[in-house]
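A.B. asks: First the structure, which I've put down as structure tokens, then a few questions once you've had a look.
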Amino acid sequence: MGGDLGPSVVVAGMARSAKINPALHFILHGPQDTLEKLVAKRKPLAGRVAFRDATDVVKMDDKPSQVMRSGKGTSMWSALESVREGEATVAVSCGNTGALMALSMIRLRKLPGVARPAIAVLWPSRNPQGFNIMLDVGADIRADASDLVQYALMGVSYARNGMGLKRPRIGLLNVGTEEHKGRAELKTAHEMIAALADRSQFDFVGFVEGSDIPGDNVDVVVTDGFTGNVALKTGEGTASLIGELLREAFRYTPLSRLASLLALTSLRRLRQRIDPRRVNGGVFLGLNGTVVKSHGAADATGISAAIKLAFELAQSGFSERLAARVALAAQTADEAVSDADQQQQQDKDQEANKA
């Protein structure tokens, strides 16, 4: 209910998904009278939608702290409650990101060992799987070294269970690939992630740059939420700009319009590859339940893409597998932190003895 384009677009996206996938069923949360009328117009949804009446709506400009105190009657709260009670397998929302994360942590709770959940997105890339995973892209703008290590381990789990990669390659986003560059927490995280690679069965390629996000050098890009969100919005804007410039170029002269007709198939393929709507959907990692966050301004195509992602995660048993992986990863990370602390203390003791 809280998306930029309203519930009609959400229902249209549901109808697209339902037409393609007969295994899908939906629970819609919001003002029931309004939603029933919208669903009645979509034949693919006949008999496949249940309703949960919720009169209040979380608006885009609502503060998460306010929603946490007074959001119980909202459609967002109701949707998360469905996942909490096991009635739904995945919650999909295109509402207020901060409020969704805050309510998700209240209703679903964090997995044991997770300090801060992260939002992971799929980014079109040159890799064989067609996408790279990047996290965090906005769950929390802060991230210390231990947070970045947890993001890396959750990214490994997502890559294995969501994309079928047995030994994912992990990169830590920085201003350069040299080990001496970057903030102190990045250098510490670099050492800790490298120490975990063999035990957690992933390959750590070290520091990567922004140009590696769509490349084939890594499968998972780890960064803080501030940097990740800026990169995400920049990528979406650039993809839209390229599309507009191509349309302008092919409309410029009669000859260019003819060329566009001859290249129509190739242009459609390119548009699908760079269209951010087709990879719409960020997954909240680190919670006792799966939540997919759609872009607030998503159209029917974008909503359908988010639903497809949610279905694939549900079908793979992603939530249960992630919980098991995170529990093991948290234990491994704690051991690594403890080893690092012990090593630092030993170094200090040696320096003191020399003095």
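Just remember, in the structure tokens the first chain shown is A, the second B, etc., residues are 1-based per chain, and ligands are 1-based in the order shown.
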Per DSSP on the backbone, filter segment 38-244 of chain A down to the residues in strand (DSSP E) and report them as a PyMOL selection string.

C.D. replies: chain A and resi 49-53+90-93+118-124+131-135+169-173+203-208+220-222

A.B. asks: Write out as a ChimeraX atom specification which residues come within 6 Å of segment 144-156 of chain A when counting only C-alpha atoms, dropping same-chain ones fewer than 2 positions away.

C.D. replies: /A:158-159,185,188-189,193,222

A.B. asks: When distances are computed from only C-alpha atoms, which of A:Cys94, A:Leu35, A:Ala184, A:Val218 shows the smallest separation from Gly130 of chain A?

C.D. replies: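 Under the stated criterion, the closest residue is A:Val218.
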
A.B. asks: For Phe207 of chain A, which of A:Leu245, A:Gly228, A:Arg169, A:Ser240 is the closest residue, counting only C-alpha atoms?

C.D. replies: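 Smallest separation from Phe207 of chain A among the options: A:Arg169.
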
A.B. asks: Just the alpha helix (DSSP H) stuff from segment 100-220 of chain A, please, per backbone DSSP, written as a PyMOL selection string.

C.D. replies: chain A and resi 100-107+145-163+184-200

A.B. asks: Would you mind exporting N, CA and C atoms of the selected residues as a compact mmCIF listing (two decimals), in the first residue's frame?

C.D. replies:
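What landed in selection.txt:
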# COMPACT_ATOMS: atom_id res chain seq x y z
N LEU A 100 10.33 -0.79 6.92
CA LEU A 100 10.25 -2.23 6.67
C LEU A 100 11.36 -2.97 7.42
N MET A 101 12.56 -2.43 7.40
CA MET A 101 13.66 -3.06 8.12
C MET A 101 13.42 -3.02 9.62
N ALA A 102 12.95 -1.87 10.13
CA ALA A 102 12.70 -1.74 11.57
C ALA A 102 11.63 -2.72 12.04
N LEU A 103 10.52 -2.80 11.30
CA LEU A 103 9.44 -3.72 11.67
C LEU A 103 9.87 -5.17 11.50
N SER A 104 10.68 -5.44 10.48
CA SER A 104 11.16 -6.81 10.27
C SER A 104 12.00 -7.28 11.44
N MET A 105 12.82 -6.39 11.98
CA MET A 105 13.65 -6.77 13.13
C MET A 105 12.81 -6.97 14.38
N ILE A 106 11.69 -6.21 14.50
CA ILE A 106 10.81 -6.37 15.65
C ILE A 106 9.99 -7.65 15.55
N ARG A 107 9.38 -7.89 14.40
CA ARG A 107 8.46 -9.01 14.25
C ARG A 107 9.18 -10.33 13.95
N ALA A 145 34.32 -3.34 11.02
CA ALA A 145 34.98 -4.50 10.41
C ALA A 145 34.19 -5.78 10.62
N SER A 146 33.69 -6.00 11.85
CA SER A 146 32.96 -7.24 12.12
C SER A 146 31.64 -7.29 11.33
N ASP A 147 31.00 -6.12 11.12
CA ASP A 147 29.79 -6.10 10.30
C ASP A 147 30.09 -6.51 8.87
N LEU A 148 31.18 -5.99 8.32
CA LEU A 148 31.56 -6.33 6.95
C LEU A 148 31.87 -7.81 6.81
N VAL A 149 32.46 -8.40 7.85
CA VAL A 149 32.73 -9.85 7.84
C VAL A 149 31.42 -10.62 7.81
N GLN A 150 30.43 -10.20 8.61
CA GLN A 150 29.13 -10.87 8.61
C GLN A 150 28.43 -10.71 7.26
N TYR A 151 28.55 -9.53 6.66
CA TYR A 151 27.95 -9.33 5.34
C TYR A 151 28.56 -10.30 4.33
N ALA A 152 29.89 -10.46 4.42
CA ALA A 152 30.56 -11.37 3.50
C ALA A 152 30.04 -12.80 3.67
N LEU A 153 29.88 -13.23 4.92
CA LEU A 153 29.43 -14.60 5.18
C LEU A 153 27.97 -14.80 4.77
N MET A 154 27.13 -13.78 4.99
CA MET A 154 25.75 -13.88 4.53
C MET A 154 25.68 -13.84 3.01
N GLY A 155 26.56 -13.06 2.39
CA GLY A 155 26.62 -13.04 0.93
C GLY A 155 27.02 -14.38 0.36
N VAL A 156 27.93 -15.07 1.04
CA VAL A 156 28.32 -16.42 0.63
C VAL A 156 27.11 -17.35 0.67
N SER A 157 26.34 -17.26 1.75
CA SER A 157 25.15 -18.12 1.89
C SER A 157 24.14 -17.83 0.79
N TYR A 158 23.93 -16.54 0.49
CA TYR A 158 22.99 -16.15 -0.56
C TYR A 158 23.46 -16.69 -1.90
N ALA A 159 24.75 -16.55 -2.19
CA ALA A 159 25.29 -17.01 -3.47
C ALA A 159 25.15 -18.52 -3.61
N ARG A 160 25.37 -19.25 -2.51
CA ARG A 160 25.27 -20.71 -2.57
C ARG A 160 23.82 -21.16 -2.73
N ASN A 161 22.95 -20.64 -1.86
CA ASN A 161 21.57 -21.13 -1.82
C ASN A 161 20.66 -20.46 -2.83
N GLY A 162 20.94 -19.20 -3.15
CA GLY A 162 20.08 -18.48 -4.08
C GLY A 162 20.53 -18.57 -5.52
N MET A 163 21.85 -18.79 -5.74
CA MET A 163 22.36 -18.80 -7.11
C MET A 163 23.11 -20.08 -7.45
N ALA A 184 40.54 2.30 8.07
CA ALA A 184 41.09 1.29 8.98
C ALA A 184 40.19 0.07 9.09
N GLU A 185 38.84 0.30 9.16
CA GLU A 185 37.93 -0.84 9.31
C GLU A 185 37.94 -1.74 8.07
N LEU A 186 38.20 -1.15 6.89
CA LEU A 186 38.29 -1.96 5.68
C LEU A 186 39.52 -2.86 5.71
N LYS A 187 40.64 -2.30 6.18
CA LYS A 187 41.86 -3.10 6.26
C LYS A 187 41.71 -4.24 7.27
N THR A 188 41.05 -3.94 8.39
CA THR A 188 40.82 -4.99 9.39
C THR A 188 39.89 -6.07 8.84
N ALA A 189 38.80 -5.64 8.18
CA ALA A 189 37.86 -6.59 7.58
C ALA A 189 38.55 -7.44 6.52
N HIS A 190 39.47 -6.85 5.77
CA HIS A 190 40.22 -7.57 4.74
C HIS A 190 40.97 -8.75 5.37
N GLU A 191 41.64 -8.49 6.49
CA GLU A 191 42.40 -9.55 7.16
C GLU A 191 41.47 -10.64 7.70
N MET A 192 40.35 -10.23 8.28
CA MET A 192 39.43 -11.19 8.90
C MET A 192 38.74 -12.05 7.85
N ILE A 193 38.31 -11.45 6.74
CA ILE A 193 37.64 -12.22 5.69
C ILE A 193 38.62 -13.19 5.06
N ALA A 194 39.84 -12.74 4.82
CA ALA A 194 40.86 -13.62 4.24
C ALA A 194 41.11 -14.83 5.13
N ALA A 195 41.09 -14.62 6.45
CA ALA A 195 41.33 -15.72 7.39
C ALA A 195 40.20 -16.73 7.39
N LEU A 196 38.99 -16.30 7.00
CA LEU A 196 37.83 -17.19 7.03
C LEU A 196 37.62 -17.96 5.73
N ALA A 197 38.30 -17.58 4.67
CA ALA A 197 37.99 -18.10 3.33
C ALA A 197 38.04 -19.62 3.24
N ASP A 198 39.11 -20.22 3.71
CA ASP A 198 39.25 -21.67 3.58
C ASP A 198 38.24 -22.42 4.44
N ARG A 199 38.06 -21.96 5.68
CA ARG A 199 37.13 -22.65 6.59
C ARG A 199 35.69 -22.54 6.11
N SER A 200 35.34 -21.41 5.50
CA SER A 200 33.96 -21.20 5.05
C SER A 200 33.76 -21.52 3.58

A.B. asks: Measuring atom to atom with only C-alpha atoms, identify which of A:Pro117, A:Gly138, A:Pro128, A:Gly98 is nearest to Leu285 of chain A.

C.D. replies: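 The answer is A:Pro117, which sits nearest to Leu285 of chain A.
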
A.B. asks: Rounded to one decimal in Å, what is the spacing between atom CA of Thr89 of chain A and atom CA of Ile307 of chain A?

C.D. replies: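 Separating atom CA of Thr89 of chain A from atom CA of Ile307 of chain A is a distance of 11.7 Å.
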
A.B. asks: Could you state the separation of atom CA of Gly282 of chain A and atom CA of Gln201 of chain A in Å, given to one decimal place?

C.D. replies: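 It comes out at 24.5 Å.
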